Every structure is written in C-alpha cells, then in structure tokens.
file run32.cif (mmCIF, C-alpha atoms)
data_target
loop_
_atom_site.label_atom_id
_atom_site.label_comp_id
_atom_site.auth_asym_id
_atom_site.auth_seq_id
_atom_site.Cartn_x
_atom_site.Cartn_y
_atom_site.Cartn_z
CA MET A 131 -53.85 -43.54 -7.26
CA ASN A 132 -56.15 -41.80 -4.77
CA ALA A 133 -56.80 -42.80 -1.15
CA ASN A 134 -60.16 -44.37 -2.05
CA SER A 135 -58.43 -46.96 -4.22
CA PHE A 136 -56.01 -48.07 -1.48
CA ILE A 137 -56.53 -51.49 0.07
CA THR A 138 -55.46 -52.47 3.59
CA ILE A 139 -54.20 -55.88 4.65
CA LYS A 140 -57.53 -56.54 6.38
CA GLU A 141 -59.45 -55.62 3.21
CA LEU A 142 -57.19 -57.90 1.14
CA VAL A 143 -57.91 -60.88 3.40
CA ASN A 144 -61.65 -60.13 3.68
CA THR A 145 -62.04 -59.68 -0.07
CA ILE A 146 -60.27 -62.96 -0.84
CA ASN A 147 -62.45 -64.74 1.72
CA HIS A 148 -65.81 -63.21 0.79
CA SER A 149 -65.77 -61.95 -2.80
CA PRO A 150 -68.05 -63.85 -5.22
CA GLU A 151 -65.72 -62.94 -8.12
CA ILE A 152 -62.75 -64.58 -6.43
CA ASP A 153 -64.74 -67.57 -5.10
CA ARG A 154 -65.11 -69.03 -8.64
CA GLY A 155 -68.70 -70.04 -7.79
CA ASP A 156 -67.97 -73.17 -5.76
CA GLU A 157 -68.09 -71.54 -2.30
CA MET A 158 -64.93 -73.46 -1.39
CA GLY A 159 -62.27 -70.78 -1.67
CA PRO A 160 -59.74 -69.47 -2.00
CA VAL A 161 -59.18 -68.65 1.67
CA ALA A 162 -56.66 -66.11 3.01
CA VAL A 163 -55.09 -65.88 6.47
CA ARG A 164 -52.56 -63.32 7.66
CA ARG A 165 -49.68 -64.79 9.62
CA GLY A 166 -46.90 -62.40 10.53
CA LYS A 167 -45.18 -60.99 7.47
CA TYR A 168 -47.31 -62.95 4.97
CA VAL A 169 -50.86 -63.48 3.83
CA TYR A 170 -51.24 -67.17 3.02
CA VAL A 171 -53.76 -67.97 0.30
CA TYR A 172 -55.16 -71.50 0.21
CA ARG A 173 -57.08 -73.00 -2.72
CA THR A 174 -59.98 -73.99 -0.44
CA TRP A 175 -61.00 -73.76 3.22
CA GLN A 176 -60.26 -77.50 3.36
CA ASP A 177 -56.64 -76.85 2.40
CA LYS A 178 -56.36 -74.33 5.26
CA ARG A 179 -57.64 -76.92 7.70
CA ASP A 180 -55.22 -79.55 6.36
CA GLU A 181 -52.34 -77.08 6.78
CA GLU A 182 -53.25 -76.70 10.44
CA GLU A 183 -52.85 -80.47 10.71
CA ARG A 184 -49.25 -80.09 9.49
CA LYS A 185 -49.92 -80.63 5.77
CA PRO A 186 -48.99 -77.35 4.05
CA MET A 187 -51.39 -76.79 1.17
CA TRP A 188 -51.22 -73.04 0.49
CA MET A 189 -50.99 -71.90 -3.10
CA MET A 190 -49.16 -68.63 -2.43
CA MET A 191 -47.65 -66.44 0.24
CA ILE A 192 -48.16 -62.70 -0.29
CA PRO A 193 -45.59 -60.62 1.60
CA VAL A 194 -47.44 -57.86 3.49
CA ASN A 195 -44.80 -55.42 2.21
CA ILE A 196 -45.08 -56.45 -1.48
CA GLU A 197 -44.48 -53.53 -3.82
CA SER A 198 -45.05 -55.13 -7.20
CA LEU A 199 -47.00 -58.04 -8.60
CA SER A 200 -43.79 -59.10 -10.35
CA GLU A 201 -42.47 -60.18 -6.93
CA LEU A 202 -45.01 -63.00 -6.94
CA TYR A 203 -44.34 -63.91 -10.56
CA GLU A 204 -40.65 -64.34 -9.67
CA ARG A 205 -41.35 -66.72 -6.76
CA GLU A 206 -40.83 -70.39 -7.53
CA ASP A 207 -43.92 -71.41 -5.52
CA LEU A 208 -46.32 -69.36 -7.66
CA ASP A 209 -47.27 -70.34 -11.17
CA ALA A 210 -49.10 -67.18 -12.27
CA ASP A 211 -49.89 -68.63 -15.71
CA ASP A 212 -51.58 -71.58 -13.98
CA LEU A 213 -53.61 -69.20 -11.80
CA GLU A 214 -54.70 -67.17 -14.83
CA SER A 215 -55.74 -70.27 -16.78
CA LYS A 216 -57.82 -71.55 -13.84
CA GLY A 217 -59.88 -68.37 -13.49
CA PHE A 218 -58.00 -66.67 -10.68
CA TRP A 219 -57.65 -63.42 -12.65
CA PRO A 220 -59.78 -61.41 -10.12
CA LEU A 221 -57.41 -62.59 -7.35
CA ILE A 222 -54.38 -61.48 -9.34
CA GLU A 223 -55.98 -58.06 -9.95
CA LEU A 224 -56.76 -57.69 -6.24
CA ILE A 225 -53.18 -58.52 -5.25
CA SER A 226 -51.94 -56.01 -7.83
CA LYS A 227 -54.16 -53.30 -6.33
CA TYR A 228 -52.82 -54.15 -2.86
CA ALA A 229 -49.21 -54.10 -4.13
CA HIS A 230 -49.75 -50.60 -5.52
CA THR A 231 -51.11 -49.29 -2.20
CA PRO A 232 -48.34 -47.35 -0.43
CA ILE A 233 -47.11 -49.40 2.53
CA LYS A 234 -47.89 -46.58 4.98
CA PHE A 235 -51.62 -46.85 4.11
CA ARG A 236 -51.93 -50.65 4.34
CA GLU A 237 -52.32 -50.71 8.13
CA GLN A 238 -53.61 -47.16 8.64
CA VAL A 239 -57.34 -47.87 8.28
CA GLU A 240 -57.02 -51.08 10.26
CA ALA A 241 -55.45 -49.33 13.25
CA THR A 242 -58.24 -46.76 13.50
CA ALA A 243 -61.13 -49.15 12.97
#
call {"tool": "encode", "arguments": {"input": "run32.cif", "output": "structure tokens"}}
result
Amino acid sequence: MNANSFITIKELVNTINHSPEIDRGDEMGPVAVRRGKYVYVYRTWQDKRDEEERKPMWMMMIPVNIESLSELYEREDLDADDLESKGFWPLIELISKYAHTPIKFREQVEATA
C-alpha cells in the first residue's frame, strides 16, 4: 500500500458525510462524527440529532485505532451482513481502506493541514 492510498481520520469522516456512493441516493446519510477514540456512524443526519437528545441511534462505532475490518465484524453491535444487504458496501470498503492505513499516517496529514 503506498502513501497515496492512505486515509486519515478526517478523510474517513468527510468521505462518509459527503460521498455520493455512500449516501445511497437519499441525501439523508449515513453521517459520521469523531468523538474521542471512536468515529460514530449514524444511519441518517436525523439519527445523529436524536442521539444528541439522549437517544443513541448510531449504527456502528469505528475505533480510530482499528487494524482490521474483522474487528467490526466481531462486534455485537454491527451486523455486517445487514449492512451489505442494504447497500452499504462502499462504506464497508472505505472502512477497510482506513483499517489498512498504518496508524502513524492516520493523523499525520490532519496535523499539517
């Protein structure tokens, strides 16, 4: 994997929030927000707002130090088969690309920008 294929935490969040492939065409989501050691991914921007009103509605938490997509498949709060069947394959591929980025490069571009 070369440096051009690395993805930072900021790029992960921005791509989830703005990519037409991940949006599924309804302009509702998913929506990602970084909070501490996790990137929370909500099904829609509405779910993010509801969570702020103390109704947790996120569909997954991506650890910022994830090293393998299998870590998410093993979590009880993520049904990867459900995500695949509902057209979230581009999101899964993006998370996989992020997981394969060496941890030392995930913040590097962000800190200099």
call {"tool": "atom_distance", "arguments": {"input": "run32.cif", "atom1": "atom CA of A:Glu197", "atom2": "atom CA of A:Gly159"}}
result
24.9 Å
call {"tool": "atom_distance", "arguments": {"input": "run32.cif", "atom1": "atom CA of A:Tyr203", "atom2": "atom CA of A:Arg173"}}
result
17.5 Å
call {"tool": "closest_residue", "arguments": {"input": "run32.cif", "among": "A:Val169, A:Trp219, A:Val194, A:Pro160", "to": "A:Thr231", "atoms": "only C-alpha atoms"}}
result
A:Val194
call {"tool": "residues_around", "arguments": {"input": "run32.cif", "residues": "A:Ser135", "least_positions_apart": "2", "cutoff": "12 Å", "atoms": "all atoms listed in the file", "output": "list in words"}}
result
Met131, Asn132, Ala133, Ile137, Thr138, Glu141, Leu224, Ser226, Lys227, Tyr228, Ala229, His230, Thr231, Pro232, Phe235 and Arg236 of chain A
call {"tool": "write_last_selection", "arguments": {"input": "run32.cif", "atoms": "C-alpha atoms", "output": "short mmCIF file (atom, residue, chain, number, x, y, z; two decimals), keeping the file's coordinate frame"}}
result
data_model
loop_
_atom_site.label_atom_id
_atom_site.label_comp_id
_atom_site.auth_asym_id
_atom_site.auth_seq_id
_atom_site.Cartn_x
_atom_site.Cartn_y
_atom_site.Cartn_z
CA MET A 131 -53.85 -43.54 -7.26
CA ASN A 132 -56.15 -41.80 -4.77
CA ALA A 133 -56.80 -42.80 -1.15
CA ILE A 137 -56.53 -51.49 0.07
CA THR A 138 -55.46 -52.47 3.59
CA GLU A 141 -59.45 -55.62 3.21
CA LEU A 224 -56.76 -57.69 -6.24
CA SER A 226 -51.94 -56.01 -7.83
CA LYS A 227 -54.16 -53.30 -6.33
CA TYR A 228 -52.82 -54.15 -2.86
CA ALA A 229 -49.21 -54.10 -4.13
CA HIS A 230 -49.75 -50.60 -5.52
CA THR A 231 -51.11 -49.29 -2.20
CA PRO A 232 -48.34 -47.35 -0.43
CA PHE A 235 -51.62 -46.85 4.11
CA ARG A 236 -51.93 -50.65 4.34
#
call {"tool": "closest_residue", "arguments": {"input": "run32.cif", "among": "A:Asn144, A:Glu204, A:Pro150, A:Leu199", "to": "A:Glu223", "atoms": "all atoms listed in the file"}}
result
A:Leu199
call {"tool": "closest_residue", "arguments": {"input": "run32.cif", "among": "A:Ile233, A:His148, A:Ile225, A:Met189", "to": "A:Tyr170", "atoms": "only C-alpha atoms"}}
result
A:Met189
call {"tool": "atom_distance", "arguments": {"input": "run32.cif", "atom1": "atom CA of A:Ser200", "atom2": "atom CA of A:Ser149"}}
result
23.4 Å
call {"tool": "build_atoms", "arguments": {"input": "run32.cif", "residues": "stretch 133-147 of chain A", "atoms": "N, CA, C and O atoms", "output": "PDB file, in the coordinates of the input"}}
result
ATOM      1  N   ALA A 133     -56.636 -42.063  -2.409  1.00  0.00           N
ATOM      2  CA  ALA A 133     -56.800 -42.800  -1.150  1.00  0.00           C
ATOM      3  C   ALA A 133     -57.977 -43.760  -1.174  1.00  0.00           C
ATOM      4  O   ALA A 133     -57.962 -44.776  -0.488  1.00  0.00           O
ATOM      5  N   ASN A 134     -59.003 -43.486  -1.970  1.00  0.00           N
ATOM      6  CA  ASN A 134     -60.160 -44.370  -2.050  1.00  0.00           C
ATOM      7  C   ASN A 134     -59.847 -45.690  -2.745  1.00  0.00           C
ATOM      8  O   ASN A 134     -60.578 -46.658  -2.595  1.00  0.00           O
ATOM      9  N   SER A 135     -58.781 -45.725  -3.522  1.00  0.00           N
ATOM     10  CA  SER A 135     -58.430 -46.960  -4.220  1.00  0.00           C
ATOM     11  C   SER A 135     -57.376 -47.772  -3.468  1.00  0.00           C
ATOM     12  O   SER A 135     -56.958 -48.810  -3.951  1.00  0.00           O
ATOM     13  N   PHE A 136     -56.962 -47.315  -2.296  1.00  0.00           N
ATOM     14  CA  PHE A 136     -56.010 -48.070  -1.480  1.00  0.00           C
ATOM     15  C   PHE A 136     -56.719 -49.246  -0.838  1.00  0.00           C
ATOM     16  O   PHE A 136     -57.916 -49.215  -0.583  1.00  0.00           O
ATOM     17  N   ILE A 137     -55.967 -50.296  -0.563  1.00  0.00           N
ATOM     18  CA  ILE A 137     -56.530 -51.490   0.070  1.00  0.00           C
ATOM     19  C   ILE A 137     -55.628 -51.895   1.232  1.00  0.00           C
ATOM     20  O   ILE A 137     -54.416 -52.000   1.074  1.00  0.00           O
ATOM     21  N   THR A 138     -56.219 -52.082   2.401  1.00  0.00           N
ATOM     22  CA  THR A 138     -55.460 -52.470   3.590  1.00  0.00           C
ATOM     23  C   THR A 138     -55.264 -53.993   3.600  1.00  0.00           C
ATOM     24  O   THR A 138     -55.896 -54.718   2.829  1.00  0.00           O
ATOM     25  N   ILE A 139     -54.426 -54.448   4.499  1.00  0.00           N
ATOM     26  CA  ILE A 139     -54.200 -55.880   4.650  1.00  0.00           C
ATOM     27  C   ILE A 139     -55.513 -56.573   5.029  1.00  0.00           C
ATOM     28  O   ILE A 139     -55.864 -57.623   4.483  1.00  0.00           O
ATOM     29  N   LYS A 140     -56.254 -55.961   5.949  1.00  0.00           N
ATOM     30  CA  LYS A 140     -57.530 -56.540   6.380  1.00  0.00           C
ATOM     31  C   LYS A 140     -58.508 -56.632   5.211  1.00  0.00           C
ATOM     32  O   LYS A 140     -59.186 -57.648   5.037  1.00  0.00           O
ATOM     33  N   GLU A 141     -58.566 -55.591   4.375  1.00  0.00           N
ATOM     34  CA  GLU A 141     -59.450 -55.620   3.210  1.00  0.00           C
ATOM     35  C   GLU A 141     -59.009 -56.679   2.200  1.00  0.00           C
ATOM     36  O   GLU A 141     -59.851 -57.332   1.585  1.00  0.00           O
ATOM     37  N   LEU A 142     -57.702 -56.858   2.038  1.00  0.00           N
ATOM     38  CA  LEU A 142     -57.190 -57.900   1.140  1.00  0.00           C
ATOM     39  C   LEU A 142     -57.685 -59.268   1.589  1.00  0.00           C
ATOM     40  O   LEU A 142     -58.258 -60.027   0.798  1.00  0.00           O
ATOM     41  N   VAL A 143     -57.498 -59.583   2.868  1.00  0.00           N
ATOM     42  CA  VAL A 143     -57.910 -60.880   3.400  1.00  0.00           C
ATOM     43  C   VAL A 143     -59.425 -61.050   3.305  1.00  0.00           C
ATOM     44  O   VAL A 143     -59.917 -62.088   2.842  1.00  0.00           O
ATOM     45  N   ASN A 144     -60.186 -60.038   3.722  1.00  0.00           N
ATOM     46  CA  ASN A 144     -61.650 -60.130   3.680  1.00  0.00           C
ATOM     47  C   ASN A 144     -62.179 -60.289   2.259  1.00  0.00           C
ATOM     48  O   ASN A 144     -63.118 -61.053   2.026  1.00  0.00           O
ATOM     49  N   THR A 145     -61.586 -59.578   1.310  1.00  0.00           N
ATOM     50  CA  THR A 145     -62.040 -59.680  -0.070  1.00  0.00           C
ATOM     51  C   THR A 145     -61.755 -61.074  -0.636  1.00  0.00           C
ATOM     52  O   THR A 145     -62.599 -61.662  -1.310  1.00  0.00           O
ATOM     53  N   ILE A 146     -60.580 -61.610  -0.369  1.00  0.00           N
ATOM     54  CA  ILE A 146     -60.270 -62.960  -0.840  1.00  0.00           C
ATOM     55  C   ILE A 146     -61.252 -63.966  -0.234  1.00  0.00           C
ATOM     56  O   ILE A 146     -61.749 -64.857  -0.910  1.00  0.00           O
ATOM     57  N   ASN A 147     -61.585 -63.787   1.030  1.00  0.00           N
ATOM     58  CA  ASN A 147     -62.450 -64.740   1.720  1.00  0.00           C
ATOM     59  C   ASN A 147     -63.920 -64.605   1.381  1.00  0.00           C
ATOM     60  O   ASN A 147     -64.667 -65.582   1.513  1.00  0.00           O
TER      61      ASN A 147
END
